[in-house]
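Q: Here it is: the structure, laid out below.
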Amino acid sequence: MIDAIVTGEVLKAITKAMVALVSEARFHFLENGLHSRAVDPANVAMVIVDVPTDSFEVYKVDEDTTIGVDVNRIYDISKSIKSGELVELKVEDESDLKIKFGSVEYSVALIDPSAIRKEPKVPQLELPAKIVLNAGEFKKAISAADKISDHVVFRTTEDGFYIEAEGDVDKITFFMSDAELIEFNKQEARSMFSVEYLKEFIKVAGSGDLLTIYLGINYPVRLQFDVANGKVKVEYILAPRIEAE
Amino acid sequence: MIDAIVTGEVLKAITKAMVALVSEARFHFLENGLHSRAVDPANVAMVIVDVPTDSFEVYKVDEDTTIGVDVNRIYDISKSIKSGELVELKVEDESDLKIKFGSVEYSVALIDPSAIRKEPKVPQLELPAKIVLNAGEFKKAISAADKISDHVVFRTTEDGFYIEAEGDVDKITFFMSDAELIEFNKQEARSMFSVEYLKEFIKVAGSGDLLTIYLGINYPVRLQFDVANGKVKVEYILAPRIEAE
Amino acid sequence: MIDAIVTGEVLKAITKAMVALVSEARFHFLENGLHSRAVDPANVAMVIVDVPTDSFEVYKVDEDTTIGVDVNRIYDISKSIKSGELVELKVEDESDLKIKFGSVEYSVALIDPSAIRKEPKVPQLELPAKIVLNAGEFKKAISAADKISDHVVFRTTEDGFYIEAEGDVDKITFFMSDAELIEFNKQEARSMFSVEYLKEFIKVAGSGDLLTIYLGINYPVRLQFDVANGKVKVEYILAPRIEAE
């Protein structure tokens, strides 16, 4: 029913994106590609993964098919596949997913989709500020912030984009000016977020990947990563934390 | 009495092969080279190491000499030597082994050979199937199997060579066809082995090394690794596990 | 009051040298460069760091200024800076040190210098033997000695320089002849030292760095490392241990 071939890099990106929040997920093999989304058990963050058919080397799906997978398991397998190596994903009956690369074939038991937590609706969010930057720079800022605090403030002014964290005695400010950002609509916004979640999110991105941030005022943030050479779109939506005055 | 020079790579290969099963061993410096063998404390596996005189840069041994060595200790020392660096091994009196490289000289106390567990006889085994493959491929298969089970089945049919492992819900099959194998005599065989031991054995091999497997039906397997650019022959013999029906 | 620019490599070398012995230190920004020194809590060793103004890209200090810093904190930050990347160090008021590189600015709280343990006077030492060698060779010798003993003997004869360690059953001798040493005044000396301290000291040096040793008879040793391409001078003075006869 499903017979698809992707590179190891793409399979790894898809599963890495999901394991940041959940261990089981529904994978929808649709006419226009693979789609998956989930919220974490604490309902603080949502992940949305989209892989258009173009990102597959082969994509044969008889009809829209939903399977339930242990994403941790598949992520674990994907780590032993080289980036450029081709992997065949095959579902013949509904009991297992075959993952084949080189001389190795894994047969991974599927999970009944109805046994997996219901998928969230993607919320409509009015987010005034749009910032596009290099994901590598963002990773550096979050890693630095993580050393001194468990929450960070994302803030835009006309001048550019700030990420700020304050520890007991130290402070860190990351700043990229309008000129340094790839794109910026100069809208003002400000919200505070948990570093714990952001730390998980940034693992999905390589240093050359693109990141688009949509930011509001005390509102959730949308972080859209273009990963695996643009072949996989990963979006995280993260609820804000309340800033104490 | 013994004065030999080898590369760091060879010394490391020899000791790494032994430490997979034992911490102390007898090293026989014979006219035709260095020989060592041992069985593990549980009597499940045997290791046989042979290093012909050609694999030494210098090999001076007055008469056949047996020394008892702490292989862990020498393996530990060998890790601080570069692959291509020359190491001198010297036994003057029977009390210690001098290991000299660069500006450093270790003097390692020898163990009375009679205090080391008796060496096993190498068993005569009738093993119909012979398979020659790249050790790197074998390493990959064992590492993959290790993730889902503590035992694996090695199996040959006319078509080729299978390594199979079954977890609680997942399954992995490694297959190399006759055409993909370097050599294969098309004999049928099948036996089950402990992954725990195989995991130790594969550490000795680099990905470009050659591995020759002799396999029978519910019988021990012989794994012959050609390591350190063919300078060291390492053979493991592993007892089978009983397959539950 | 202070505005200085250095490479990441220099900042890392300075703080790495200090953290070997203390977690807080006084940094003196003087007319001729940065100077810091400290003894460890057990009074066994002293570290002296000197960075001439030439080693800074920019060095603006209005008047001699002493600040108290958490060296662990700054060392930690320095690890996220690339070797060749430029870092600005800025003290405007006396409350914090700003560390700026790329898009990131840290603001690290300063410590009242009077709250930091009093600095030692550098002792006058008559040390007859002078040995200059590659720090990488010295690192190898100390790492090797560390595997078998917690103390080592440094010893010079007319022939050269010995480092010796004795374990319960094993022995290691490191020897560099007069010809192999970069410089040696052929004076005889011999003292024993704790490996624990030496292990910390060698972390500061790269394998291509120069090390000058001044050695006496049952007397402290001076180890002068030229690190970060000669831009940072790090000196350790280590008290001897008493050799049991």
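Following the order of the structure tokens, first chain is A, next is B, and so on, with residues numbered from 1 inside each chain and ligands from 1 in the order they appear.
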Which residues are close to Arg26 of chain B, i.e. within 8 Å by only C-alpha atoms, leaving aside same-chain residues fewer than 6 positions away? Reply as a PyMOL selection string.
A: chain B and resi 36-37+66-69+113+116
Q: Report as a tab-separated table (two decimals) with C-alpha atoms, in the first residue's frame all protein, DNA and RNA residues lying within 9 Å of Pro52 of chain B, evaluated on only C-alpha atoms, omitting residues in the same chain fewer than 3 positions from it.
A:
```tsv
chain	number	residue	atom	x	y	z
B	32	ASN	CA	57.47	-18.57	12.73
B	33	GLY	CA	55.98	-15.69	14.70
B	34	LEU	CA	53.85	-14.78	17.69
B	35	HIS	CA	50.97	-17.04	18.67
B	55	SER	CA	54.37	-8.72	10.17
B	56	PHE	CA	57.22	-7.57	12.43
B	231	LYS	CA	49.39	-8.44	9.36
B	232	VAL	CA	47.41	-10.05	12.19
B	233	LYS	CA	45.13	-13.08	11.89
```
Q: Calculated over only C-alpha atoms, which of the candidates C:Tyr59, C:Tyr75, C:Tyr106, C:Phe225 has the smallest distance to chain A?
A: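 For chain A, the nearest of the given residues is C:Tyr106.
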Q: Using DSSP on the backbone coordinates, identify the residues of segment 23-212 of chain A assigned to alpha helix (DSSP H); present them as a count of residues only.
A: 28
Q: Can you measure atom CA of Thr156 of chain A to atom CA of Pro240 of chain A for me? One decimal in Å is fine.
A: 15.4 Å
Q: Could the residues of chain B within 7 Å of chain C, counting only C-alpha atoms, be given as a PyMOL selection string, please?
A: chain B and resi 103-109
Q: So which residues touch Ala239 of chain C within 7 Å, counting only C-alpha atoms, skipping near sequence neighbours fewer than 4 positions away, as a ChimeraX atom specification?
A: /C:44-45,219-221
Q: Taking 4 positions as the minimum chain separation for residues in the same chain, which residues sit within 10 Å of Lys121 of chain A when counting only C-alpha atoms? Answer as a list in words.
A: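 Contacts, with the query itself left out: Arg37, Ala38, Val39 and Met46 of chain A.
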Q: Show which residues sit within 6 Å of segment 122-130 of chain C, as a list in words. Count only C-alpha atoms, and ignore same-chain residues fewer than 4 positions away.
A: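 Selected residues are Phe184, Asn185, Gln187, Ile213, Tyr214, Leu215 and Gly216 of chain C.
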